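Visitor: If it helps, the file is called protein-v6.cif and holds mmCIF, C-alpha atoms:
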data_coords
loop_
_atom_site.label_atom_id
_atom_site.label_comp_id
_atom_site.auth_asym_id
_atom_site.auth_seq_id
_atom_site.Cartn_x
_atom_site.Cartn_y
_atom_site.Cartn_z
CA MET A 1 0.00 0.00 0.00
CA ILE A 2 1.11 3.61 -0.41
CA LYS A 3 3.18 4.88 2.48
CA ALA A 4 2.43 8.42 3.54
CA GLU A 5 6.01 9.60 3.32
CA THR A 6 6.48 8.45 -0.30
CA ALA A 7 3.00 8.83 -1.74
CA ARG A 8 3.60 12.09 -3.61
CA ASP A 9 6.59 10.84 -5.60
CA PRO A 10 5.04 7.92 -7.54
CA PHE A 11 1.94 9.93 -8.39
CA ALA A 12 3.47 13.39 -8.72
CA SER A 13 2.73 13.54 -12.44
CA LEU A 14 -0.81 12.38 -11.74
CA LEU A 15 -1.37 15.21 -9.29
CA GLU A 16 -0.12 17.64 -11.93
CA ARG A 17 -2.77 16.39 -14.38
CA VAL A 18 -5.70 17.02 -12.08
CA GLY A 19 -7.84 19.97 -13.01
CA ARG A 20 -8.51 22.74 -10.56
CA PRO A 21 -10.54 23.94 -8.74
CA ALA A 22 -11.22 20.94 -6.55
CA HIS A 23 -14.25 18.78 -7.27
CA ARG A 24 -17.00 18.42 -4.70
CA CYS A 25 -16.77 14.92 -3.26
CA ALA A 26 -19.24 13.10 -1.03
CA VAL A 27 -17.30 11.10 1.57
CA VAL A 28 -19.70 8.34 2.58
CA HIS A 29 -19.99 7.52 6.30
CA PRO A 30 -16.53 8.78 7.35
CA VAL A 31 -16.75 7.73 10.99
CA ASP A 32 -13.14 6.62 11.45
CA ALA A 33 -9.72 8.27 11.40
CA LEU A 34 -8.57 6.86 8.03
CA SER A 35 -11.68 8.01 6.17
CA LEU A 36 -11.40 11.52 7.56
CA SER A 37 -7.62 11.82 7.20
CA GLY A 38 -7.81 10.60 3.59
CA ALA A 39 -10.43 13.22 2.77
CA LEU A 40 -8.42 15.93 4.50
CA GLU A 41 -5.23 14.90 2.68
CA ALA A 42 -7.03 15.08 -0.68
CA GLN A 43 -8.43 18.48 0.30
CA LYS A 44 -4.98 19.74 1.28
CA LEU A 45 -3.67 18.75 -2.16
CA GLY A 46 -6.50 20.69 -3.81
CA LEU A 47 -8.11 17.54 -5.22
CA ILE A 48 -11.52 17.58 -3.57
CA ASP A 49 -13.92 19.77 -1.65
CA PRO A 50 -15.26 17.20 0.84
CA VAL A 51 -18.88 16.83 1.87
CA LEU A 52 -19.04 14.52 4.89
CA VAL A 53 -22.15 12.36 4.56
CA GLY A 54 -23.23 10.62 7.76
CA HIS A 55 -24.20 11.10 11.37
CA ARG A 56 -22.61 14.40 12.40
CA ASP A 57 -22.02 13.43 16.04
CA ASN A 58 -20.31 10.18 15.06
CA ILE A 59 -18.12 11.95 12.51
CA LEU A 60 -17.14 14.63 15.00
CA ALA A 61 -16.35 11.98 17.63
CA ALA A 62 -14.04 10.19 15.18
CA ALA A 63 -12.37 13.49 14.28
CA ASP A 64 -11.86 14.38 17.94
CA ALA A 65 -10.39 10.95 18.72
CA ALA A 66 -7.88 11.36 15.88
CA ALA A 67 -7.19 15.05 16.58
CA LEU A 68 -8.45 16.03 13.11
CA ASP A 69 -10.03 19.40 12.38
CA VAL A 70 -13.19 19.06 10.29
CA SER A 71 -14.81 22.25 11.52
CA GLY A 72 -14.61 23.95 8.13
CA LEU A 73 -16.10 21.08 6.14
CA GLU A 74 -19.65 20.71 4.84
CA PHE A 75 -21.89 18.01 6.36
CA ALA A 76 -24.84 16.14 4.90
CA GLU A 77 -26.76 14.49 7.72
CA ALA A 78 -27.66 10.79 7.54
CA PRO A 79 -28.53 8.64 10.56
CA HIS A 80 -26.62 5.48 9.60
CA SER A 81 -24.45 3.96 6.87
CA HIS A 82 -27.34 2.81 4.62
CA ALA A 83 -28.83 6.29 4.70
CA ALA A 84 -25.41 7.85 4.08
CA ALA A 85 -24.96 5.78 0.92
CA ASP A 86 -28.42 6.75 -0.31
CA GLU A 87 -27.83 10.44 0.45
CA ALA A 88 -24.46 10.43 -1.32
CA VAL A 89 -26.03 8.84 -4.40
CA ARG A 90 -28.81 11.42 -4.31
CA LEU A 91 -26.25 14.23 -4.20
CA ALA A 92 -24.31 12.76 -7.12
CA ALA A 93 -27.38 12.10 -9.24
CA GLY A 94 -28.56 15.66 -8.67
CA GLY A 95 -25.22 17.21 -9.58
CA GLY A 96 -24.41 18.25 -6.02
CA VAL A 97 -21.11 16.35 -6.04
CA SER A 98 -18.82 15.11 -8.83
CA ILE A 99 -17.07 12.28 -6.95
CA LEU A 100 -18.08 9.67 -4.39
CA MET A 101 -15.51 8.41 -1.87
CA LYS A 102 -16.01 5.36 0.30
CA GLY A 103 -15.66 5.97 4.03
CA HIS A 104 -16.10 3.45 6.85
CA ILE A 105 -18.77 1.48 4.99
CA ALA A 106 -18.80 -1.95 3.39
CA THR A 107 -18.19 -1.95 -0.35
CA SER A 108 -21.32 -4.06 -0.91
CA GLU A 109 -23.43 -1.54 1.02
CA LEU A 110 -22.13 1.45 -0.90
CA MET A 111 -22.34 -0.22 -4.30
CA ALA A 112 -25.88 -1.49 -3.64
CA ALA A 113 -26.95 2.14 -3.46
CA CYS A 114 -24.88 3.10 -6.52
CA VAL A 115 -26.26 0.39 -8.82
CA ARG A 116 -29.90 0.77 -7.78
CA ARG A 117 -31.83 1.77 -10.90
CA GLU A 118 -33.85 4.42 -9.16
CA GLY A 119 -30.66 5.96 -7.74
CA GLY A 120 -29.82 7.68 -11.01
CA LEU A 121 -26.13 6.77 -11.25
CA ARG A 122 -26.35 3.90 -13.72
CA THR A 123 -25.34 4.38 -17.35
CA GLN A 124 -25.25 2.07 -20.36
CA ARG A 125 -21.86 0.88 -19.12
CA ARG A 126 -21.17 -1.69 -16.42
CA MET A 127 -19.35 -0.25 -13.44
CA SER A 128 -15.86 -1.62 -12.94
CA HIS A 129 -12.84 -1.02 -10.73
CA VAL A 130 -9.38 -0.11 -12.03
CA PHE A 131 -6.19 -0.36 -9.99
CA VAL A 132 -3.35 1.96 -11.02
CA LEU A 133 0.01 0.80 -9.71
CA GLU A 134 3.55 2.03 -9.92
CA THR A 135 6.21 -0.50 -9.04
CA PRO A 136 10.02 -0.43 -9.18
CA ALA A 137 9.80 -3.60 -11.29
CA TRP A 138 8.05 -1.86 -14.21
CA PRO A 139 9.02 1.40 -15.95
CA LYS A 140 5.51 2.84 -16.23
CA TRP A 141 2.11 2.74 -14.60
CA ILE A 142 0.27 -0.55 -14.89
CA LEU A 143 -3.53 -0.64 -14.80
CA ILE A 144 -5.31 -3.81 -13.59
CA SER A 145 -9.03 -4.47 -14.01
CA ASP A 146 -11.27 -5.75 -12.57
CA GLY A 147 -9.93 -6.93 -9.23
CA ALA A 148 -12.46 -5.41 -6.85
CA LEU A 149 -16.03 -5.26 -8.16
CA ASN A 150 -17.18 -7.72 -10.85
CA ILE A 151 -16.79 -11.24 -9.52
CA ALA A 152 -17.14 -13.46 -12.60
CA PRO A 153 -17.73 -11.10 -15.53
CA ASP A 154 -19.28 -12.34 -18.75
CA LEU A 155 -18.10 -11.18 -22.16
CA LEU A 156 -20.26 -8.07 -22.33
CA THR A 157 -19.17 -7.03 -18.84
CA LYS A 158 -15.54 -7.57 -19.85
CA ARG A 159 -16.17 -5.26 -22.79
CA TRP A 160 -17.01 -2.42 -20.38
CA ILE A 161 -14.24 -3.41 -17.95
CA THR A 162 -11.81 -3.03 -20.85
CA GLN A 163 -13.30 0.22 -22.15
CA ASN A 164 -13.34 1.80 -18.69
CA ALA A 165 -9.69 0.89 -18.16
CA ILE A 166 -8.69 2.27 -21.57
CA ASP A 167 -10.53 5.52 -20.85
CA LEU A 168 -8.73 5.93 -17.52
CA ALA A 169 -5.38 5.22 -19.16
CA CYS A 170 -6.13 7.91 -21.74
CA ALA A 171 -7.07 10.28 -18.91
CA LEU A 172 -3.62 9.62 -17.43
CA GLY A 173 -1.97 10.69 -20.66
CA ILE A 174 -1.27 7.23 -22.08
CA GLU A 175 -1.91 7.51 -25.81
CA THR A 176 -3.41 4.37 -27.36
CA PRO A 177 -2.85 2.19 -24.27
CA LEU A 178 -1.55 -1.33 -24.92
CA THR A 179 -4.09 -3.69 -23.41
CA ALA A 180 -3.34 -7.33 -22.57
CA ILE A 181 -6.29 -9.67 -22.05
CA LEU A 182 -4.86 -12.17 -19.58
CA SER A 183 -5.35 -15.90 -19.32
CA ALA A 184 -3.15 -18.90 -18.51
CA THR A 185 -1.95 -19.27 -22.10
CA GLU A 186 -1.57 -17.38 -25.34
CA LEU A 187 -3.46 -20.07 -27.23
CA VAL A 188 -7.21 -20.03 -27.77
CA ASP A 189 -8.38 -23.15 -25.97
CA PRO A 190 -12.08 -24.08 -25.77
CA ALA A 191 -11.37 -25.72 -22.40
CA ILE A 192 -10.32 -22.36 -20.93
CA ALA A 193 -13.24 -19.93 -21.19
CA SER A 194 -11.09 -16.84 -20.59
CA THR A 195 -9.14 -17.52 -23.80
CA ILE A 196 -12.38 -17.49 -25.79
CA ASP A 197 -13.41 -14.21 -24.15
CA ALA A 198 -9.98 -12.72 -24.86
CA ALA A 199 -10.19 -13.56 -28.54
CA ALA A 200 -13.72 -12.15 -28.72
CA LEU A 201 -12.67 -8.90 -27.02
CA CYS A 202 -9.88 -8.43 -29.55
CA LYS A 203 -12.34 -8.93 -32.40
CA MET A 204 -14.75 -6.48 -30.73
CA ALA A 205 -11.94 -3.93 -30.76
CA ASP A 206 -11.40 -4.64 -34.47
CA ARG A 207 -15.08 -3.88 -35.04
CA GLY A 208 -15.01 -0.63 -33.04
CA GLN A 209 -16.96 -1.96 -30.05
CA ILE A 210 -13.96 -1.13 -27.85
CA ARG A 211 -12.11 2.06 -28.70
CA GLY A 212 -8.98 3.96 -27.83
CA GLY A 213 -6.50 1.17 -27.20
CA ILE A 214 -4.64 -1.69 -28.88
CA LEU A 215 -5.76 -5.11 -27.61
CA ASP A 216 -4.14 -8.53 -27.72
CA GLY A 217 -5.08 -11.75 -26.05
CA PRO A 218 -5.18 -14.24 -24.73
CA LEU A 219 -1.79 -13.54 -23.18
CA ALA A 220 -0.20 -15.18 -20.17
CA PHE A 221 1.11 -12.69 -17.63
CA ASP A 222 4.77 -13.24 -18.58
CA LEU A 223 4.03 -12.49 -22.22
CA ALA A 224 2.21 -9.31 -21.32
CA ILE A 225 5.12 -7.81 -19.36
CA SER A 226 8.29 -9.55 -20.54
CA PRO A 227 9.82 -8.90 -23.98
CA GLU A 228 12.20 -11.79 -23.29
CA ALA A 229 9.32 -14.21 -22.73
CA ALA A 230 7.63 -13.05 -25.93
CA LEU A 231 10.87 -13.50 -27.87
CA ALA A 232 11.49 -16.94 -26.40
CA LYS A 233 8.00 -18.09 -27.38
CA GLY A 234 8.16 -16.49 -30.82
CA LEU A 235 5.14 -14.29 -30.19
CA LYS A 236 4.82 -11.20 -32.35
CA SER A 237 2.46 -8.68 -30.81
CA PRO A 238 2.36 -4.89 -30.32
CA VAL A 239 1.21 -5.52 -26.72
CA ALA A 240 3.45 -8.36 -25.56
CA GLY A 241 6.21 -7.20 -23.27
CA ALA A 242 4.90 -3.62 -23.13
CA ALA A 243 1.37 -3.69 -21.66
CA ASP A 244 -0.14 -0.62 -20.05
CA ILE A 245 -3.34 -2.43 -19.02
CA LEU A 246 -3.89 -5.96 -17.74
CA ILE A 247 -7.48 -7.21 -18.06
CA VAL A 248 -7.90 -10.20 -15.76
CA PRO A 249 -10.37 -13.07 -16.20
CA GLY A 250 -12.00 -12.66 -12.76
CA ILE A 251 -11.91 -10.82 -9.47
CA GLU A 252 -9.66 -13.36 -7.72
CA ALA A 253 -6.89 -13.04 -10.30
CA GLY A 254 -7.05 -9.25 -10.31
CA ASN A 255 -7.17 -8.87 -6.56
CA MET A 256 -4.29 -11.28 -5.99
CA LEU A 257 -2.18 -9.73 -8.75
CA ALA A 258 -2.60 -6.18 -7.48
CA LYS A 259 -1.92 -7.13 -3.87
CA GLN A 260 1.11 -9.22 -4.77
CA LEU A 261 2.60 -6.23 -6.56
CA ASP A 262 1.68 -4.09 -3.57
CA TYR A 263 3.08 -6.25 -0.79
CA LEU A 264 5.88 -8.18 -2.52
CA ALA A 265 7.11 -5.85 -5.28
CA GLY A 266 6.95 -2.49 -3.50
CA ALA A 267 4.15 -1.13 -5.65
CA GLU A 268 2.23 2.03 -4.82
CA ALA A 269 -1.47 1.76 -5.61
CA ALA A 270 -4.57 3.79 -6.25
CA GLY A 271 -7.91 2.89 -7.76
CA ILE A 272 -11.42 4.00 -8.70
CA ILE A 273 -14.69 2.69 -10.08
CA LEU A 274 -15.82 3.98 -13.47
CA GLY A 275 -18.97 3.41 -15.47
CA ALA A 276 -21.33 5.35 -13.21
CA ARG A 277 -22.35 8.98 -13.76
CA VAL A 278 -19.56 9.98 -11.37
CA PRO A 279 -16.26 8.27 -10.51
CA ILE A 280 -16.28 6.37 -7.21
CA VAL A 281 -13.17 6.24 -5.03
CA LEU A 282 -13.36 2.74 -3.56
CA THR A 283 -10.73 2.38 -0.87
CA SER A 284 -9.70 -0.53 1.31
CA ARG A 285 -9.69 -0.40 5.09
CA ALA A 286 -5.90 -0.87 4.88
CA ASP A 287 -5.36 2.09 2.56
CA SER A 288 -3.38 5.01 3.94
CA PRO A 289 -4.58 8.62 3.73
CA ALA A 290 -2.07 9.22 0.93
CA GLU A 291 -3.43 6.30 -1.08
CA ARG A 292 -6.95 7.63 -0.69
CA ALA A 293 -5.73 11.01 -1.91
CA ALA A 294 -4.03 9.41 -4.92
CA SER A 295 -7.29 7.63 -5.76
CA ALA A 296 -9.09 10.98 -5.56
CA ALA A 297 -6.50 12.31 -8.00
CA LEU A 298 -7.43 9.54 -10.44
CA ALA A 299 -11.04 10.68 -10.24
CA GLY A 300 -10.00 14.28 -10.84
CA ALA A 301 -7.86 13.33 -13.84
CA TYR A 302 -10.74 11.34 -15.30
CA LEU A 303 -13.18 14.21 -14.87
CA ALA A 304 -10.71 16.61 -16.52
CA TRP A 305 -10.35 14.17 -19.44
CA GLN A 306 -14.14 13.92 -19.79
CA ASP A 307 -14.39 17.72 -19.92
CA ARG A 308 -11.67 18.11 -22.56
CA PRO A 309 -12.62 19.97 -25.75
CA ALA A 310 -14.02 17.68 -28.44
#
What does this structure look like when you write it as structure tokens?
Guide:
Amino acid sequence: MIKAETARDPFASLLERVGRPAHRCAVVHPVDALSLSGALEAQKLGLIDPVLVGHRDNILAAADAAALDVSGLEFAEAPHSHAAADEAVRLAAGGGVSILMKGHIATSELMAACVRREGGLRTQRRMSHVFVLETPAWPKWILISDGALNIAPDLLTKRWITQNAIDLACALGIETPLTAILSATELVDPAIASTIDAAALCKMADRGQIRGGILDGPLAFDLAISPEAALAKGLKSPVAGAADILIVPGIEAGNMLAKQLDYLAGAEAAGIILGARVPIVLTSRADSPAERAASAALAGAYLAWQDRPA
């Protein structure tokens, strides 16, 4: 996970891309120190203008316990976590905020409010999570999707997972991101469903159903990130050995891959959910305030990219 003392360095260029002024952000049920300190860190960096959504007394008690000053922040009263999620969605759907940020609330509880049809946040796209990692073992950012939201995505869901990740990569300044559709092999094998999906996604890109990136797959992980492995196996591909984006076959693979890079390879990580009317900063309980701020920066960069001149 991102350490507070080093968080600005890996994502310094990201912070520079974020448009100003800060975007209004509903922080959902921030009744613990990490939720509040993450929001305050993002505010200090000029990334968000926080609206604390939840029970005021509980939020103030958490702030007092952590010696955090939230006296100048806006509050939106909600009696409990379910109500806080509903109120945050209402604010976003009505244009009152441009970003949602998870506080001390279960992901399933927050996302249940976000995906509810009557909530007003759903679009034609499926919502999906994108990790953005920087690791000493790789010379550029690597995006991984979806390792946090869609459990066993079908082909059409994978289409939107891929498109959302490509859009975020473009928002980060990666022109025509190289996108590897991962499986256990580079061969299309009817016995391995993810290889069939990978081949279909590449054909969908050929037909313009996925835009903005160059796709190849199926690719095993080594082929996606190692030019030597691609050379040894005789694979000719514009993506092999140079991937910007790794699309995983399911949530287990994505979650394990991101956390292995985090804990074993010294990676710094941030992540958001795209596909709703507003970006959603979905943090883990273990995320530091700096990591939460970096994730808010991803949301800001994405919003700036959406608002770019046509």
Visitor: Expand the PyMOL selection byres ((chain A and resi 85) around 12) into the explicit residue set it covers here, and present it as a PyMOL selection string.
Guide: chain A and resi 26-30+52-55+76-84+86-92+100-116+119+280
Visitor: Taking into account only C-alpha atoms, which residue in the set A:Arg126, A:Leu246, A:Ala152, A:Ile210 is nearest to Thr179 (chain A)?
Guide: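 Answer, going by the shortest atom-to-atom distance: A:Leu246.
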Visitor: As an exercise, work out the distance from CA of Arg207 (chain A) to CA of Ala148 (chain A) in Å and give it to one decimal place.
Guide: 28.4 Å
Visitor: What does the PyMOL selection byres ((chain A and resi 304) around 12) select in this file, as an MDAnalysis selection string?
Guide: chainID A and resid 14:23 47 98 167:168 170:173 279 297:303 305:309
Visitor: Pick from A:Leu223, A:Leu155, A:Ala230, A:Ile245: nearest to Ile142 (chain A), with all atoms listed in the file counted?
Guide: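 Of the candidates, the smallest distance to Ile142 (chain A) is held by A:Ile245.
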Visitor: On this file, the PyMOL selection byres ((chain A and resi 68) around 12) gives some set of residues; write that set as a PyMOL selection string.
Guide: chain A and resi 31-41+59-67+69-73
Visitor: For Pro177 (chain A), which of A:Arg285, A:Arg24, A:Arg211, A:Arg122 is the closest residue, counting all atoms listed in the file?
Guide: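 Of all the options, A:Arg211 lies closest to Pro177 (chain A).
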Visitor: How many Å lie between CA of Leu274 (chain A) and CA of Ile99 (chain A), rounded to one decimal?
Guide: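 Distance between the two atoms: 10.6 Å.
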Visitor: Taking into account only C-alpha atoms, which residue in the set A:Cys202, A:Val130, A:Val97, A:Ile192 is nearest to Val278 (chain A)?
Guide: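 Selected residue with least distance to Val278 (chain A): A:Val97.
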Visitor: Name all residues at most 7 Å from Ile225 (chain A) (count all atoms listed in the file; drop same-chain ones fewer than 3 positions away) and give them as a ChimeraX atom specification.
Guide: /A:221-222,240-243
Visitor: I'd like to know which of A:Ser128, A:Gln209, A:Ser194, A:Ser288 is closest to Pro249 (chain A), using all atoms listed in the file.
Guide: A:Ser194
Visitor: Please compute the CA of Asp244 (chain A)-CA of Thr135 (chain A) distance, one decimal, in Å.
Guide: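 If I compute the distance from CA of Asp244 (chain A) to CA of Thr135 (chain A), I get 12.7 Å.
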Visitor: Near Ala199 (chain A), counting only C-alpha atoms, which residues have an atom at most 9 Å away, once you skip same-chain residues fewer than 2 positions from it, shown as a count of residues only?
Guide: 13
